[in-house]
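Structure below is model07.csv: CSV, C-alpha atoms.
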```csv
chain,number,residue,atom,x,y,z
A,3,ALA,CA,-26.4,46.7,77.6
A,4,ASP,CA,-28.5,46.3,74.5
A,5,THR,CA,-28.5,43.2,72.5
A,6,LEU,CA,-29.5,44.6,69.1
A,7,THR,CA,-27.4,43.8,66.1
A,8,GLY,CA,-27.4,45.1,62.5
A,9,PRO,CA,-27.8,48.6,61.2
A,10,PRO,CA,-28.3,51.6,63.5
A,11,MET,CA,-31.6,51.6,65.4
A,12,THR,CA,-34.2,54.0,64.0
A,13,GLY,CA,-37.7,54.7,65.3
A,14,ILE,CA,-38.6,55.2,69.0
A,15,ILE,CA,-36.6,53.7,71.9
A,16,LEU,CA,-37.7,53.7,75.5
A,17,ALA,CA,-34.6,54.0,77.6
A,18,SER,CA,-36.0,51.8,80.3
A,19,ALA,CA,-36.3,48.2,81.4
A,20,SER,CA,-39.5,49.0,83.2
A,21,PRO,CA,-42.4,46.8,82.0
A,22,PHE,CA,-44.8,49.4,83.3
A,23,ARG,CA,-43.4,52.2,81.2
A,24,ASN,CA,-43.3,49.9,78.1
A,25,ALA,CA,-46.9,48.8,78.6
A,26,LEU,CA,-48.0,52.4,79.1
A,27,LEU,CA,-46.7,53.4,75.7
A,28,GLU,CA,-47.8,50.2,73.9
A,29,ASN,CA,-51.3,50.6,75.4
A,30,ALA,CA,-51.3,54.1,74.0
A,31,GLY,CA,-50.5,52.7,70.5
A,32,VAL,CA,-46.9,53.8,70.5
A,33,PRO,CA,-44.6,51.0,69.4
A,34,VAL,CA,-41.2,51.2,71.1
A,35,THR,CA,-38.1,49.2,71.5
A,36,ALA,CA,-37.0,49.0,75.1
A,37,ILE,CA,-33.3,49.4,75.8
A,38,ALA,CA,-32.1,49.9,79.4
A,39,ALA,CA,-29.8,52.9,79.9
A,40,ASP,CA,-26.4,52.0,81.2
A,41,ILE,CA,-26.3,54.4,84.1
A,42,ASP,CA,-26.1,54.0,87.9
A,43,GLU,CA,-29.1,56.0,89.1
A,44,ARG,CA,-27.9,56.0,92.8
A,45,ALA,CA,-24.5,57.4,91.7
A,46,VAL,CA,-26.2,60.1,89.7
A,47,GLU,CA,-28.4,60.9,92.6
A,48,ALA,CA,-25.4,61.0,95.0
A,49,ALA,CA,-23.5,63.3,92.7
A,50,VAL,CA,-26.3,65.9,92.7
A,51,ASP,CA,-27.5,65.4,96.2
A,52,ARG,CA,-25.2,67.9,97.7
A,53,SER,CA,-26.2,70.6,95.1
A,54,GLY,CA,-29.6,71.2,96.6
A,55,VAL,CA,-31.7,70.0,93.7
A,56,THR,CA,-35.4,69.4,94.3
A,57,PRO,CA,-36.9,66.0,93.9
A,58,GLY,CA,-38.5,67.2,90.6
A,59,GLU,CA,-35.2,68.4,89.3
A,60,LEU,CA,-33.7,65.0,90.2
A,61,ALA,CA,-36.4,63.2,88.2
A,62,GLN,CA,-35.5,65.4,85.2
A,63,ILE,CA,-31.8,64.8,85.7
A,64,LEU,CA,-32.3,61.0,85.8
A,65,ALA,CA,-34.7,61.0,82.8
A,66,GLU,CA,-32.1,63.1,80.8
A,67,ALA,CA,-29.2,60.8,81.8
A,68,LYS,CA,-31.2,57.8,80.5
A,69,ALA,CA,-32.3,59.4,77.3
A,70,VAL,CA,-29.0,60.9,76.4
A,71,GLU,CA,-27.0,57.7,77.2
A,72,VAL,CA,-29.2,55.5,75.0
A,73,SER,CA,-29.4,58.1,72.2
A,74,THR,CA,-25.6,58.3,71.9
A,75,ARG,CA,-25.6,54.5,71.2
A,76,HIS,CA,-28.5,54.9,68.7
A,77,PRO,CA,-28.1,58.4,67.3
A,78,ASP,CA,-30.8,58.0,64.5
A,79,ALA,CA,-33.6,57.0,66.9
A,80,TRP,CA,-35.8,59.2,69.1
A,81,VAL,CA,-35.2,58.1,72.7
A,82,ILE,CA,-37.6,58.6,75.6
A,83,GLY,CA,-36.1,58.7,79.0
A,84,SER,CA,-38.2,58.8,82.1
A,85,ASP,CA,-37.9,58.6,85.8
A,86,GLN,CA,-40.1,59.1,88.9
A,87,VAL,CA,-39.0,60.4,92.2
A,88,LEU,CA,-41.3,60.1,95.3
A,89,SER,CA,-40.7,62.5,98.1
A,90,LEU,CA,-42.3,63.1,101.5
A,91,ASP,CA,-41.6,66.5,103.0
A,92,GLY,CA,-38.7,66.9,100.6
A,93,GLU,CA,-37.1,63.6,101.5
A,94,VAL,CA,-36.6,61.3,98.5
A,95,LEU,CA,-37.8,57.8,99.1
A,96,HIS,CA,-36.6,54.7,97.2
A,97,LYS,CA,-38.1,51.3,96.7
A,98,ALA,CA,-38.3,49.2,99.8
A,99,ALA,CA,-35.7,46.5,100.1
A,100,ASP,CA,-38.1,44.0,101.8
A,101,MET,CA,-41.6,43.7,103.2
A,102,GLU,CA,-40.6,45.1,106.6
A,103,GLU,CA,-39.3,48.3,105.0
A,104,ALA,CA,-42.5,48.3,102.9
A,105,ARG,CA,-44.6,48.1,106.1
A,106,ARG,CA,-42.6,51.0,107.6
A,107,ARG,CA,-43.0,53.0,104.4
A,108,LEU,CA,-46.8,52.7,104.3
A,109,LEU,CA,-47.1,53.7,108.0
A,110,LYS,CA,-44.9,56.7,107.3
A,111,LEU,CA,-47.1,57.7,104.4
A,112,SER,CA,-50.3,57.1,106.4
A,113,GLY,CA,-52.5,60.2,106.6
A,114,ARG,CA,-50.0,62.3,104.7
A,115,THR,CA,-49.5,63.8,101.3
A,116,HIS,CA,-46.5,62.8,99.2
A,117,LEU,CA,-45.3,63.9,95.8
A,118,LEU,CA,-44.6,61.7,92.8
A,119,GLU,CA,-42.6,63.7,90.2
A,120,THR,CA,-42.2,62.3,86.8
A,121,GLY,CA,-39.6,63.6,84.4
A,122,VAL,CA,-39.7,62.8,80.7
A,123,VAL,CA,-37.0,63.6,78.2
A,124,LEU,CA,-36.9,63.1,74.4
A,125,ALA,CA,-33.4,62.9,72.9
A,126,ARG,CA,-31.8,62.2,69.6
A,127,GLY,CA,-28.1,61.8,68.8
A,128,GLY,CA,-27.1,62.7,72.4
A,129,ALA,CA,-29.0,66.0,72.5
A,130,VAL,CA,-32.2,66.8,74.4
A,131,ALA,CA,-35.1,67.8,72.1
A,132,TRP,CA,-37.9,68.1,74.7
A,133,ARG,CA,-38.5,67.7,78.4
A,134,HIS,CA,-41.4,67.7,80.7
A,135,LEU,CA,-42.0,67.4,84.5
A,136,SER,CA,-45.3,66.3,86.0
A,137,THR,CA,-46.1,66.4,89.7
A,138,ALA,CA,-48.9,64.4,91.3
A,139,ALA,CA,-49.7,65.1,95.0
A,140,MET,CA,-51.2,62.0,96.6
A,141,THR,CA,-52.6,61.6,100.0
A,142,VAL,CA,-52.7,58.2,101.7
A,143,ARG,CA,-55.7,57.8,104.0
A,144,ALA,CA,-54.9,57.0,107.6
A,145,LEU,CA,-53.8,53.3,107.9
A,146,THR,CA,-53.7,51.1,110.9
A,147,PRO,CA,-50.8,48.6,111.4
A,148,GLU,CA,-53.3,45.8,111.1
A,149,PHE,CA,-54.6,47.1,107.7
A,150,VAL,CA,-51.0,47.5,106.4
A,151,GLY,CA,-50.2,43.9,107.4
A,152,ARG,CA,-53.3,42.5,105.6
A,153,TYR,CA,-52.6,44.7,102.6
A,154,LEU,CA,-49.0,43.5,102.3
A,155,SER,CA,-50.1,39.9,102.8
A,156,LEU,CA,-52.5,40.2,99.9
A,157,ALA,CA,-50.4,42.4,97.6
A,158,GLY,CA,-47.3,40.3,98.0
A,159,ALA,CA,-43.8,41.1,96.9
A,160,GLY,CA,-45.1,43.1,94.0
A,161,VAL,CA,-45.2,46.2,96.2
A,162,LEU,CA,-41.4,46.1,96.3
A,163,ALA,CA,-41.4,47.2,92.6
A,164,SER,CA,-43.1,50.5,93.7
A,165,VAL,CA,-41.3,53.3,95.5
A,166,GLY,CA,-44.3,54.0,97.6
A,167,ALA,CA,-44.8,50.3,98.5
A,168,TYR,CA,-48.3,50.4,97.1
A,169,GLN,CA,-50.0,49.7,93.7
A,170,ILE,CA,-52.8,51.7,92.1
```
Final structure tokens representation of the file:
Amino acid sequence: ADTLTGPPMTGIILASASPFRNALLENAGVPVTAIAADIDERAVEAAVDRSGVTPGELAQILAEAKAVEVSTRHPDAWVIGSDQVLSLDGEVLHKAADMEEARRRLLKLSGRTHLLETGVVLARGGAVAWRHLSTAAMTVRALTPEFVGRYLSLAGAGVLASVGAYQI
């Protein structure tokens, strides 16, 4: 829910509560107002899961849902919606719930290539004006269980904010 009051919002809105996405735009010199979309991402994912969408299509669907939802509340503003989906061999992976799951995730990614697909949608007044999908194929070098343990000990709980359980 947004906490803005007064006249309708104009300008650029980032439909996200992610401090990373907000910082990315601000560091690029794009001033935005961040307003989280009121959608249940896992429910959207479950609804399309049985339809055979690819991880990239899922990233686009989630980005669009965010942008459109916020742009209907602020129809005069340009709204950027974005989402990232990480997949390994077609399996969509989510953020680890705890450090043990993060350990298992890193060992699963060890020595393998996974895809990080980023969907970006620009909407205004509930209508999509532009969309883009970018795919990054990333390979994790072979990791030993000892290395993963040391890494997680040093990196701390911050890795739980990343779907891959790592930070670049």
*From the list A:Ala163, A:Ile82, A:Ala125, A:Ala157, which residue is nearest Pro21 in chain A when using all atoms listed in the file?*
A:Ala163
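Straight-line separation from CA of Arg152 in chain A to CA of Ala139 in chain A: 25.2 Å.
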*asked:* as a PyMOL selection string, please: the residues near range 15-20 of chain A (cut-off 8 Å, all atoms listed in the file, same-chain neighbours under 6 positions excluded).
replied: chain A and resi 34-39+68-69+72+79-84
*Considering all atoms listed in the file, state which residue in the set A:Asp40, A:Glu28, A:Glu148, A:Glu47 is at the smallest distance from Glu71 in chain A.*
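The closest residue to Glu71 in chain A is A:Asp40.
Counting all atoms listed in the file, the residue from A:Leu64, A:Leu145, A:Val55, A:Leu135 that sits nearest to Arg106 in chain A is A:Leu145.
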*With distances taken over all atoms listed in the file, which of A:Ile41, A:Ala25, A:Ala98, A:Val87 is nearest to Glu59 in chain A?*
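Ranked by minimum distance to Glu59 in chain A, first place goes to A:Val87.
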*asked:* Taking only C-alpha atoms into account, name the residue in A:Ala99, A:Val46, A:Met140, A:Ile170 that is nearest to Thr115 in chain A.
replied: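 Distance minimum relative to Thr115 in chain A lands on A:Met140.
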_Would you pick out the contacts of Leu162 in chain A at 12 Å or less, using all atoms listed in the file, so that residues sharing its chain but fewer than 5 positions from it are not included, and give the list as a list in words?_
His96, Lys97, Ala98, Ala99, Asp100, Met101, Glu102, Glu103, Ala104, Arg105, Arg107, Leu108, Leu154, Ala157, Ala167, Tyr168 and Gln169 of chain A
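If you measure from each of A:Val165, A:Val142, A:Leu90, A:Ala61 to Val122 in chain A using only C-alpha atoms, the closest one turns out to be A:Ala61.
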_Selection: 10 Å around Leu60 in chain A, only C-alpha atoms, excl. self and same-chain fewer than 5 positions, as a list in words_ =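 Everything that qualifies: Val46, Glu47, Val50, Asp51, Gly54, Val55, Ala65, Glu66, Asp85, Gln86, Val87, Val94, Glu119, Thr120 and Gly121 of chain A.
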*If you measure from CA of Ser112 in chain A to CA of Leu95 in chain A, what distance in Å do you get, rounded to one decimal?*
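Result for CA of Ser112 in chain A versus CA of Leu95 in chain A: 14.5 Å, one decimal.
You will find CA of Thr146 in chain A at 16.5 Å from CA of Gly166 in chain A.
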